[in-house]
file entry29.txt (compact mmCIF, N, CA and C atoms)
# COMPACT_ATOMS: atom_id res chain seq x y z
N MET A 921 51.43 92.15 94.61
CA MET A 921 52.84 92.17 94.39
C MET A 921 53.55 92.34 95.73
N ALA A 922 54.70 91.75 95.87
CA ALA A 922 55.44 91.81 97.12
C ALA A 922 55.97 93.21 97.38
N GLU A 923 56.06 93.53 98.65
CA GLU A 923 56.65 94.80 99.04
C GLU A 923 58.14 94.76 98.76
N PRO A 924 58.73 95.89 98.35
CA PRO A 924 60.18 95.89 98.17
C PRO A 924 60.88 95.66 99.49
N THR A 925 62.08 95.12 99.42
CA THR A 925 62.86 94.89 100.62
C THR A 925 63.18 96.23 101.26
N PRO A 926 62.85 96.40 102.56
CA PRO A 926 63.10 97.69 103.18
C PRO A 926 64.59 97.96 103.35
N ARG A 927 64.93 99.21 103.44
CA ARG A 927 66.32 99.58 103.70
C ARG A 927 66.63 99.25 105.15
N ARG A 928 67.88 99.30 105.51
CA ARG A 928 68.33 98.92 106.85
C ARG A 928 67.61 99.68 107.96
N ASN A 929 67.29 100.96 107.74
CA ASN A 929 66.70 101.76 108.80
C ASN A 929 65.17 101.68 108.82
N GLU A 930 64.57 100.89 107.95
CA GLU A 930 63.13 100.74 107.92
C GLU A 930 62.75 99.39 108.50
N PRO A 931 61.66 99.32 109.25
CA PRO A 931 61.25 98.02 109.80
C PRO A 931 60.74 97.11 108.68
N ARG A 932 60.98 95.83 108.84
CA ARG A 932 60.47 94.85 107.87
C ARG A 932 59.02 94.54 108.17
N LEU A 933 58.22 94.39 107.12
CA LEU A 933 56.85 93.97 107.29
C LEU A 933 56.84 92.50 107.62
N ARG A 934 55.97 92.09 108.47
CA ARG A 934 55.86 90.69 108.85
C ARG A 934 54.92 89.99 107.87
N PRO A 935 55.43 89.02 107.11
CA PRO A 935 54.54 88.28 106.21
C PRO A 935 53.70 87.30 107.00
N ALA A 936 52.71 86.74 106.34
CA ALA A 936 51.88 85.73 106.96
C ALA A 936 52.75 84.56 107.38
N PRO A 937 52.45 83.94 108.51
CA PRO A 937 53.27 82.81 108.94
C PRO A 937 53.13 81.64 107.99
N LEU A 938 54.24 80.98 107.74
CA LEU A 938 54.21 79.77 106.94
C LEU A 938 54.04 78.61 107.91
N ILE A 939 52.93 77.94 107.81
CA ILE A 939 52.64 76.83 108.71
C ILE A 939 53.16 75.56 108.05
N PHE A 940 54.02 74.85 108.76
CA PHE A 940 54.58 73.64 108.20
C PHE A 940 53.55 72.53 108.23
N GLU A 941 53.51 71.77 107.17
CA GLU A 941 52.52 70.73 107.03
C GLU A 941 53.08 69.39 107.48
N PRO A 942 52.22 68.50 107.98
CA PRO A 942 52.68 67.15 108.32
C PRO A 942 53.20 66.44 107.07
N ALA A 943 54.12 65.54 107.24
CA ALA A 943 54.75 64.86 106.11
C ALA A 943 53.74 64.18 105.21
N GLU A 944 52.72 63.55 105.78
CA GLU A 944 51.75 62.85 104.94
C GLU A 944 50.92 63.83 104.10
N ALA A 945 50.65 65.02 104.61
CA ALA A 945 49.91 66.02 103.84
C ALA A 945 50.80 66.62 102.75
N ALA A 946 52.05 66.84 103.07
CA ALA A 946 52.98 67.41 102.09
C ALA A 946 53.23 66.44 100.95
N ALA A 947 53.11 65.14 101.20
CA ALA A 947 53.33 64.14 100.16
C ALA A 947 52.19 64.12 99.14
N ASP A 948 51.03 64.62 99.52
CA ASP A 948 49.88 64.67 98.63
C ASP A 948 50.00 65.89 97.73
N PRO A 949 50.17 65.72 96.40
CA PRO A 949 50.38 66.87 95.51
C PRO A 949 49.18 67.81 95.45
N GLU A 950 48.00 67.35 95.83
CA GLU A 950 46.82 68.21 95.82
C GLU A 950 46.71 69.06 97.08
N HIS A 951 47.54 68.77 98.08
CA HIS A 951 47.48 69.46 99.37
C HIS A 951 48.54 70.54 99.42
N PHE A 952 48.13 71.77 99.66
CA PHE A 952 49.09 72.86 99.74
C PHE A 952 48.61 73.87 100.76
N PHE A 953 49.16 73.81 101.96
CA PHE A 953 48.84 74.72 103.05
C PHE A 953 47.33 74.85 103.26
N GLN A 954 46.63 73.77 103.06
CA GLN A 954 45.18 73.66 103.25
C GLN A 954 44.38 74.61 102.36
N LEU A 955 44.99 75.11 101.29
CA LEU A 955 44.26 75.98 100.37
C LEU A 955 43.13 75.24 99.67
N GLU A 956 43.35 73.96 99.40
CA GLU A 956 42.32 73.19 98.70
C GLU A 956 41.06 73.02 99.52
N SER A 957 41.15 73.23 100.83
CA SER A 957 39.97 73.06 101.69
C SER A 957 39.19 74.37 101.88
N ILE A 958 39.70 75.48 101.37
CA ILE A 958 39.01 76.77 101.51
C ILE A 958 38.02 76.90 100.35
N GLU A 959 36.74 76.98 100.70
CA GLU A 959 35.70 77.03 99.67
C GLU A 959 35.32 78.45 99.27
N ASP A 960 35.43 79.39 100.18
CA ASP A 960 35.06 80.78 99.88
C ASP A 960 36.16 81.40 99.02
N PRO A 961 35.84 81.82 97.79
CA PRO A 961 36.88 82.39 96.93
C PRO A 961 37.55 83.63 97.51
N ARG A 962 36.81 84.43 98.29
CA ARG A 962 37.42 85.60 98.91
C ARG A 962 38.48 85.18 99.93
N ALA A 963 38.15 84.21 100.75
CA ALA A 963 39.10 83.70 101.75
C ALA A 963 40.28 83.01 101.06
N LEU A 964 39.99 82.27 99.99
CA LEU A 964 41.06 81.60 99.25
C LEU A 964 42.03 82.61 98.65
N LEU A 965 41.49 83.67 98.03
CA LEU A 965 42.35 84.71 97.47
C LEU A 965 43.18 85.38 98.56
N SER A 966 42.56 85.66 99.68
CA SER A 966 43.26 86.32 100.78
C SER A 966 44.41 85.46 101.31
N ARG A 967 44.13 84.18 101.59
CA ARG A 967 45.16 83.29 102.13
C ARG A 967 46.25 83.01 101.09
N ALA A 968 45.87 82.80 99.84
CA ALA A 968 46.85 82.56 98.80
C ALA A 968 47.75 83.78 98.60
N THR A 969 47.17 84.96 98.71
CA THR A 969 47.96 86.20 98.60
C THR A 969 48.92 86.31 99.77
N GLU A 970 48.45 86.00 100.99
CA GLU A 970 49.33 86.02 102.16
C GLU A 970 50.51 85.07 101.96
N LEU A 971 50.23 83.87 101.47
CA LEU A 971 51.30 82.90 101.24
C LEU A 971 52.28 83.38 100.17
N THR A 972 51.75 83.96 99.10
CA THR A 972 52.61 84.48 98.04
C THR A 972 53.55 85.55 98.60
N GLN A 973 53.03 86.46 99.37
CA GLN A 973 53.86 87.51 99.96
C GLN A 973 54.88 86.93 100.94
N ALA A 974 54.47 85.94 101.70
CA ALA A 974 55.40 85.31 102.65
C ALA A 974 56.53 84.60 101.92
N PHE A 975 56.21 83.89 100.85
CA PHE A 975 57.25 83.20 100.08
C PHE A 975 58.19 84.20 99.40
N ARG A 976 57.64 85.29 98.89
CA ARG A 976 58.49 86.31 98.26
C ARG A 976 59.42 86.94 99.29
N ALA A 977 58.89 87.26 100.46
CA ALA A 977 59.72 87.85 101.51
C ALA A 977 60.80 86.87 101.95
N ALA A 978 60.43 85.60 102.06
CA ALA A 978 61.42 84.59 102.44
C ALA A 978 62.49 84.45 101.36
N ALA A 979 62.09 84.49 100.10
CA ALA A 979 63.06 84.37 99.01
C ALA A 979 64.00 85.59 98.99
N ASP A 980 63.45 86.79 99.19
CA ASP A 980 64.28 87.99 99.23
C ASP A 980 65.30 87.90 100.36
N ARG A 981 64.86 87.44 101.50
CA ARG A 981 65.74 87.32 102.67
C ARG A 981 66.82 86.27 102.41
N ALA A 982 66.44 85.16 101.80
CA ALA A 982 67.41 84.11 101.49
C ALA A 982 68.46 84.61 100.50
N VAL A 983 68.05 85.41 99.53
CA VAL A 983 69.01 85.97 98.57
C VAL A 983 69.99 86.88 99.29
N GLU A 984 69.51 87.66 100.24
CA GLU A 984 70.42 88.51 101.01
C GLU A 984 71.45 87.68 101.76
N PHE A 985 71.01 86.58 102.36
CA PHE A 985 71.95 85.71 103.07
C PHE A 985 72.91 85.03 102.11
N GLN A 986 72.44 84.66 100.93
CA GLN A 986 73.35 84.10 99.92
C GLN A 986 74.43 85.12 99.57
N ALA A 987 74.02 86.37 99.37
CA ALA A 987 74.96 87.41 98.99
C ALA A 987 75.99 87.66 100.09
N ILE A 988 75.54 87.68 101.32
CA ILE A 988 76.47 87.88 102.44
C ILE A 988 77.45 86.71 102.52
N ALA A 989 76.95 85.50 102.37
CA ALA A 989 77.84 84.33 102.39
C ALA A 989 78.84 84.38 101.24
N ALA A 990 78.39 84.76 100.06
CA ALA A 990 79.29 84.85 98.91
C ALA A 990 80.37 85.90 99.16
N ALA A 991 79.99 87.04 99.72
CA ALA A 991 80.96 88.09 100.02
C ALA A 991 81.96 87.62 101.07
N GLN A 992 81.49 86.90 102.06
CA GLN A 992 82.39 86.39 103.09
C GLN A 992 83.35 85.35 102.51
N LEU A 993 82.85 84.49 101.65
CA LEU A 993 83.71 83.47 101.04
C LEU A 993 84.75 84.08 100.10
N ALA A 994 84.43 85.21 99.49
CA ALA A 994 85.34 85.87 98.55
C ALA A 994 86.27 86.88 99.23
N ASP A 995 86.11 87.06 100.52
CA ASP A 995 86.91 88.06 101.24
C ASP A 995 88.40 87.76 101.09
N PRO A 996 89.17 88.70 100.54
CA PRO A 996 90.60 88.45 100.33
C PRO A 996 91.40 88.28 101.62
N ARG A 997 90.82 88.66 102.76
CA ARG A 997 91.51 88.48 104.04
C ARG A 997 91.42 87.05 104.55
N ARG A 998 90.55 86.24 103.96
CA ARG A 998 90.42 84.84 104.39
C ARG A 998 91.52 84.01 103.75
N PHE A 999 92.14 83.17 104.55
CA PHE A 999 93.16 82.30 103.98
C PHE A 999 92.54 81.24 103.08
N ASP A 1000 91.28 80.93 103.32
CA ASP A 1000 90.59 79.91 102.54
C ASP A 1000 89.56 80.50 101.57
N ARG A 1001 89.79 81.73 101.15
CA ARG A 1001 88.81 82.41 100.29
C ARG A 1001 88.61 81.63 98.98
N LEU A 1002 87.45 81.86 98.41
CA LEU A 1002 87.11 81.21 97.15
C LEU A 1002 87.09 82.24 96.03
N THR A 1003 87.35 81.80 94.84
CA THR A 1003 87.21 82.67 93.67
C THR A 1003 85.73 82.76 93.33
N THR A 1004 85.39 83.76 92.52
CA THR A 1004 83.98 83.86 92.11
C THR A 1004 83.58 82.65 91.27
N ALA A 1005 84.54 82.06 90.55
CA ALA A 1005 84.23 80.85 89.78
C ALA A 1005 83.87 79.70 90.72
N ASP A 1006 84.62 79.58 91.83
CA ASP A 1006 84.32 78.54 92.82
C ASP A 1006 82.96 78.77 93.47
N ILE A 1007 82.68 80.02 93.80
CA ILE A 1007 81.39 80.35 94.42
C ILE A 1007 80.26 80.06 93.43
N ALA A 1008 80.46 80.44 92.18
CA ALA A 1008 79.44 80.20 91.15
C ALA A 1008 79.16 78.70 91.01
N GLU A 1009 80.21 77.91 91.03
CA GLU A 1009 80.02 76.46 90.90
C GLU A 1009 79.25 75.89 92.09
N ARG A 1010 79.60 76.31 93.30
CA ARG A 1010 78.92 75.81 94.50
C ARG A 1010 77.45 76.21 94.54
N ALA A 1011 77.16 77.43 94.11
CA ALA A 1011 75.79 77.93 94.18
C ALA A 1011 74.99 77.68 92.91
N GLU A 1012 75.64 77.09 91.90
CA GLU A 1012 75.01 76.84 90.61
C GLU A 1012 74.56 78.15 89.95
N TRP A 1013 75.47 79.14 89.97
CA TRP A 1013 75.27 80.43 89.33
C TRP A 1013 76.25 80.56 88.18
N THR A 1014 76.05 81.59 87.37
CA THR A 1014 77.10 81.94 86.40
C THR A 1014 78.16 82.74 87.17
N GLU A 1015 79.34 82.81 86.60
CA GLU A 1015 80.39 83.56 87.29
C GLU A 1015 80.05 85.05 87.37
N ASP A 1016 79.42 85.58 86.33
CA ASP A 1016 79.02 86.98 86.35
C ASP A 1016 78.03 87.25 87.49
N TYR A 1017 77.07 86.36 87.65
CA TYR A 1017 76.09 86.52 88.73
C TYR A 1017 76.77 86.40 90.09
N ALA A 1018 77.73 85.50 90.21
CA ALA A 1018 78.48 85.36 91.47
C ALA A 1018 79.21 86.65 91.80
N LYS A 1019 79.80 87.30 90.81
CA LYS A 1019 80.48 88.58 91.04
C LYS A 1019 79.50 89.63 91.56
N ARG A 1020 78.32 89.68 90.96
CA ARG A 1020 77.30 90.63 91.40
C ARG A 1020 76.82 90.32 92.82
N MET A 1021 76.67 89.04 93.11
CA MET A 1021 76.25 88.64 94.46
C MET A 1021 77.31 89.00 95.50
N VAL A 1022 78.58 88.82 95.15
CA VAL A 1022 79.65 89.20 96.08
C VAL A 1022 79.58 90.69 96.36
N GLU A 1023 79.41 91.49 95.33
CA GLU A 1023 79.32 92.94 95.52
C GLU A 1023 78.07 93.32 96.33
N PHE A 1024 76.97 92.68 96.03
CA PHE A 1024 75.73 92.93 96.77
C PHE A 1024 75.93 92.57 98.24
N GLY A 1025 76.56 91.44 98.50
CA GLY A 1025 76.84 91.03 99.87
C GLY A 1025 77.75 92.02 100.58
N ARG A 1026 78.75 92.52 99.89
CA ARG A 1026 79.63 93.54 100.49
C ARG A 1026 78.84 94.79 100.83
N ASP A 1027 77.94 95.20 99.93
CA ASP A 1027 77.08 96.36 100.20
C ASP A 1027 76.23 96.11 101.45
N LEU A 1028 75.66 94.94 101.54
CA LEU A 1028 74.82 94.62 102.70
C LEU A 1028 75.64 94.63 103.98
N MET A 1029 76.83 94.06 103.94
CA MET A 1029 77.66 94.01 105.14
C MET A 1029 78.13 95.40 105.55
N ARG A 1030 78.33 96.29 104.59
CA ARG A 1030 78.70 97.67 104.90
C ARG A 1030 77.50 98.48 105.36
N GLY A 1031 76.31 97.93 105.12
CA GLY A 1031 75.10 98.66 105.48
C GLY A 1031 74.75 99.75 104.49
N SER A 1032 75.30 99.63 103.29
CA SER A 1032 75.05 100.67 102.29
C SER A 1032 74.13 100.16 101.20
N SER A 1033 73.05 99.53 101.59
CA SER A 1033 72.12 99.03 100.59
C SER A 1033 71.10 100.08 100.18
N GLU A 1034 71.29 101.35 100.60
CA GLU A 1034 70.38 102.40 100.17
C GLU A 1034 70.36 102.45 98.65
N GLY A 1035 69.21 102.71 98.12
CA GLY A 1035 69.09 102.78 96.67
C GLY A 1035 68.68 101.46 96.07
N ARG A 1036 68.84 100.38 96.79
CA ARG A 1036 68.40 99.08 96.29
C ARG A 1036 66.96 98.88 96.74
N THR A 1037 66.12 98.46 95.81
CA THR A 1037 64.72 98.30 96.17
C THR A 1037 64.33 96.85 96.33
N THR A 1038 65.17 95.92 95.90
CA THR A 1038 64.88 94.52 96.08
C THR A 1038 66.15 93.80 96.48
N ALA A 1039 66.00 92.56 96.84
CA ALA A 1039 67.16 91.76 97.20
C ALA A 1039 67.90 91.26 95.98
N ASP A 1040 67.37 91.50 94.81
CA ASP A 1040 67.99 91.00 93.59
C ASP A 1040 69.19 91.86 93.22
N PRO A 1041 70.40 91.28 93.12
CA PRO A 1041 71.57 92.07 92.84
C PRO A 1041 71.71 92.48 91.38
N VAL A 1042 70.82 92.01 90.52
CA VAL A 1042 70.95 92.31 89.10
C VAL A 1042 70.38 93.67 88.79
call {"tool": "encode", "arguments": {"input": "entry29.txt", "output": "structure tokens"}}
result
Amino acid sequence: MAEPTPRRNEPRLRPAPLIFEPAEAAADPEHFFQLESIEDPRALLSRATELTQAFRAAADRAVEFQAIAAAQLADPRRFDRLTTADIAERAEWTEDYAKRMVEFGRDLMRGSSEGRTTADPV
């Protein structure tokens, strides 16, 4: 299972590096980060687990950036601010989720994300 997103004052764990694949390898549906070529089940489990943790960490980080962007777009001090309905439409979220993301982003920007254990604003 992925580690919870650390609080601002805690260092982030470094996930396994995601190695980008050549276009021709990525086009092959059977090819996935060379996992299909690992024959030892112990090594396969280890590398697959590293990739899973790396993808989860990347997804958590991306959600944080989405929330910050949503909060910035909804900032009432912006002359071009967007409503939560507009943000929801752009991000393909429900309006309720957009409202939560805006609040989560505001928390992150204030640095008051203590008490949150994941990047998920729900």
call {"tool": "atom_distance", "arguments": {"input": "entry29.txt", "atom1": "atom CA of Thr972 of chain A", "atom2": "atom N of Gln986 of chain A"}}
result
20.0 Å
call {"tool": "closest_residue", "arguments": {"input": "entry29.txt", "among": "A:Asp1016, A:Glu1023, A:Glu950, A:Asp960", "to": "Ala990 of chain A", "atoms": "only C-alpha atoms"}}
result
A:Glu1023
call {"tool": "atom_distance", "arguments": {"input": "entry29.txt", "atom1": "atom C of Ile988 of chain A", "atom2": "atom N of Gly1025 of chain A"}}
result
6.3 Å
call {"tool": "atom_distance", "arguments": {"input": "entry29.txt", "atom1": "atom CA of Ala968 of chain A", "atom2": "atom CA of Leu955 of chain A"}}
result
7.2 Å
call {"tool": "closest_residue", "arguments": {"input": "entry29.txt", "among": "A:Arg976, A:Met1021, A:His951, A:Ser957", "to": "Ala991 of chain A", "atoms": "only C-alpha atoms"}}
result
A:Met1021
call {"tool": "axis_aligned_box", "arguments": {"input": "entry29.txt", "around": "segment 992-1005 of chain A", "padding_each_side": "4 Å", "output": "JSON"}}
result
{"center_x": 87.3, "center_y": 84.2, "center_z": 97.2, "size_x": 19.7, "size_y": 17.0, "size_z": 22.8}
call {"tool": "closest_residue", "arguments": {"input": "entry29.txt", "among": "A:Arg998, A:Thr1003, A:Gln954, A:Ala982", "to": "Arg967 of chain A", "atoms": "only C-alpha atoms"}}
result
A:Gln954
call {"tool": "select_by_dssp", "arguments": {"input": "entry29.txt", "residues": "segment 955-1037 of chain A", "states": "alpha helix (DSSP H)", "output": "compact mmCIF listing (two decimals) with N, CA and C atoms, in the coordinates of the input"}}
result
# COMPACT_ATOMS: atom_id res chain seq x y z
N PRO A 961 35.84 81.82 97.79
CA PRO A 961 36.88 82.39 96.93
C PRO A 961 37.55 83.63 97.51
N ARG A 962 36.81 84.43 98.29
CA ARG A 962 37.42 85.60 98.91
C ARG A 962 38.48 85.18 99.93
N ALA A 963 38.15 84.21 100.75
CA ALA A 963 39.10 83.70 101.75
C ALA A 963 40.28 83.01 101.06
N LEU A 964 39.99 82.27 99.99
CA LEU A 964 41.06 81.60 99.25
C LEU A 964 42.03 82.61 98.65
N LEU A 965 41.49 83.67 98.03
CA LEU A 965 42.35 84.71 97.47
C LEU A 965 43.18 85.38 98.56
N SER A 966 42.56 85.66 99.68
CA SER A 966 43.26 86.32 100.78
C SER A 966 44.41 85.46 101.31
N ARG A 967 44.13 84.18 101.59
CA ARG A 967 45.16 83.29 102.13
C ARG A 967 46.25 83.01 101.09
N ALA A 968 45.87 82.80 99.84
CA ALA A 968 46.85 82.56 98.80
C ALA A 968 47.75 83.78 98.60
N THR A 969 47.17 84.96 98.71
CA THR A 969 47.96 86.20 98.60
C THR A 969 48.92 86.31 99.77
N GLU A 970 48.45 86.00 100.99
CA GLU A 970 49.33 86.02 102.16
C GLU A 970 50.51 85.07 101.96
N LEU A 971 50.23 83.87 101.47
CA LEU A 971 51.30 82.90 101.24
C LEU A 971 52.28 83.38 100.17
N THR A 972 51.75 83.96 99.10
CA THR A 972 52.61 84.48 98.04
C THR A 972 53.55 85.55 98.60
N GLN A 973 53.03 86.46 99.37
CA GLN A 973 53.86 87.51 99.96
C GLN A 973 54.88 86.93 100.94
N ALA A 974 54.47 85.94 101.70
CA ALA A 974 55.40 85.31 102.65
C ALA A 974 56.53 84.60 101.92
N PHE A 975 56.21 83.89 100.85
CA PHE A 975 57.25 83.20 100.08
C PHE A 975 58.19 84.20 99.40
N ARG A 976 57.64 85.29 98.89
CA ARG A 976 58.49 86.31 98.26
C ARG A 976 59.42 86.94 99.29
N ALA A 977 58.89 87.26 100.46
CA ALA A 977 59.72 87.85 101.51
C ALA A 977 60.80 86.87 101.95
N ALA A 978 60.43 85.60 102.06
CA ALA A 978 61.42 84.59 102.44
C ALA A 978 62.49 84.45 101.36
N ALA A 979 62.09 84.49 100.10
CA ALA A 979 63.06 84.37 99.01
C ALA A 979 64.00 85.59 98.99
N ASP A 980 63.45 86.79 99.19
CA ASP A 980 64.28 87.99 99.23
C ASP A 980 65.30 87.90 100.36
N ARG A 981 64.86 87.44 101.50
CA ARG A 981 65.74 87.32 102.67
C ARG A 981 66.82 86.27 102.41
N ALA A 982 66.44 85.16 101.80
CA ALA A 982 67.41 84.11 101.49
C ALA A 982 68.46 84.61 100.50
N VAL A 983 68.05 85.41 99.53
CA VAL A 983 69.01 85.97 98.57
C VAL A 983 69.99 86.88 99.29
N GLU A 984 69.51 87.66 100.24
CA GLU A 984 70.42 88.51 101.01
C GLU A 984 71.45 87.68 101.76
N PHE A 985 71.01 86.58 102.36
CA PHE A 985 71.95 85.71 103.07
C PHE A 985 72.91 85.03 102.11
N GLN A 986 72.44 84.66 100.93
CA GLN A 986 73.35 84.10 99.92
C GLN A 986 74.43 85.12 99.57
N ALA A 987 74.02 86.37 99.37
CA ALA A 987 74.96 87.41 98.99
C ALA A 987 75.99 87.66 100.09
N ILE A 988 75.54 87.68 101.32
CA ILE A 988 76.47 87.88 102.44
C ILE A 988 77.45 86.71 102.52
N ALA A 989 76.95 85.50 102.37
CA ALA A 989 77.84 84.33 102.39
C ALA A 989 78.84 84.38 101.24
N ALA A 990 78.39 84.76 100.06
CA ALA A 990 79.29 84.85 98.91
C ALA A 990 80.37 85.90 99.16
N ALA A 991 79.99 87.04 99.72
CA ALA A 991 80.96 88.09 100.02
C ALA A 991 81.96 87.62 101.07
N GLN A 992 81.49 86.90 102.06
CA GLN A 992 82.39 86.39 103.09
C GLN A 992 83.35 85.35 102.51
N LEU A 993 82.85 84.49 101.65
CA LEU A 993 83.71 83.47 101.04
C LEU A 993 84.75 84.08 100.10
N ALA A 994 84.43 85.21 99.49
CA ALA A 994 85.34 85.87 98.55
C ALA A 994 86.27 86.88 99.23
N THR A 1004 85.39 83.76 92.52
CA THR A 1004 83.98 83.86 92.11
C THR A 1004 83.58 82.65 91.27
N ALA A 1005 84.54 82.06 90.55
CA ALA A 1005 84.23 80.85 89.78
C ALA A 1005 83.87 79.70 90.72
N ASP A 1006 84.62 79.58 91.83
CA ASP A 1006 84.32 78.54 92.82
C ASP A 1006 82.96 78.77 93.47
N ILE A 1007 82.68 80.02 93.80
CA ILE A 1007 81.39 80.35 94.42
C ILE A 1007 80.26 80.06 93.43
N ALA A 1008 80.46 80.44 92.18
CA ALA A 1008 79.44 80.20 91.15
C ALA A 1008 79.16 78.70 91.01
N GLU A 1009 80.21 77.91 91.03
CA GLU A 1009 80.02 76.46 90.90
C GLU A 1009 79.25 75.89 92.09
N ARG A 1010 79.60 76.31 93.30
CA ARG A 1010 78.92 75.81 94.50
C ARG A 1010 77.45 76.21 94.54
N ALA A 1011 77.16 77.43 94.11
CA ALA A 1011 75.79 77.93 94.18
C ALA A 1011 74.99 77.68 92.91
N GLU A 1015 79.34 82.81 86.60
CA GLU A 1015 80.39 83.56 87.29
C GLU A 1015 80.05 85.05 87.37
N ASP A 1016 79.42 85.58 86.33
CA ASP A 1016 79.02 86.98 86.35
C ASP A 1016 78.03 87.25 87.49
N TYR A 1017 77.07 86.36 87.65
CA TYR A 1017 76.09 86.52 88.73
C TYR A 1017 76.77 86.40 90.09
N ALA A 1018 77.73 85.50 90.21
CA ALA A 1018 78.48 85.36 91.47
C ALA A 1018 79.21 86.65 91.80
N LYS A 1019 79.80 87.30 90.81
CA LYS A 1019 80.48 88.58 91.04
C LYS A 1019 79.50 89.63 91.56
N ARG A 1020 78.32 89.68 90.96
CA ARG A 1020 77.30 90.63 91.40
C ARG A 1020 76.82 90.32 92.82
N MET A 1021 76.67 89.04 93.11
CA MET A 1021 76.25 88.64 94.46
C MET A 1021 77.31 89.00 95.50
N VAL A 1022 78.58 88.82 95.15
CA VAL A 1022 79.65 89.20 96.08
C VAL A 1022 79.58 90.69 96.36
N GLU A 1023 79.41 91.49 95.33
CA GLU A 1023 79.32 92.94 95.52
C GLU A 1023 78.07 93.32 96.33
N PHE A 1024 76.97 92.68 96.03
CA PHE A 1024 75.73 92.93 96.77
C PHE A 1024 75.93 92.57 98.24
N GLY A 1025 76.56 91.44 98.50
CA GLY A 1025 76.84 91.03 99.87
C GLY A 1025 77.75 92.02 100.58
N ARG A 1026 78.75 92.52 99.89
CA ARG A 1026 79.63 93.54 100.49
C ARG A 1026 78.84 94.79 100.83
N ASP A 1027 77.94 95.20 99.93
CA ASP A 1027 77.08 96.36 100.20
C ASP A 1027 76.23 96.11 101.45
N LEU A 1028 75.66 94.94 101.54
CA LEU A 1028 74.82 94.62 102.70
C LEU A 1028 75.64 94.63 103.98
N MET A 1029 76.83 94.06 103.94
CA MET A 1029 77.66 94.01 105.14
C MET A 1029 78.13 95.40 105.55
N ARG A 1030 78.33 96.29 104.59
CA ARG A 1030 78.70 97.67 104.90
C ARG A 1030 77.50 98.48 105.36
call {"tool": "closest_residue", "arguments": {"input": "entry29.txt", "among": "A:Leu965, A:Ala987, A:Leu993, A:Ala1011", "to": "Phe1024 of chain A", "atoms": "all atoms listed in the file"}}
result
A:Ala987
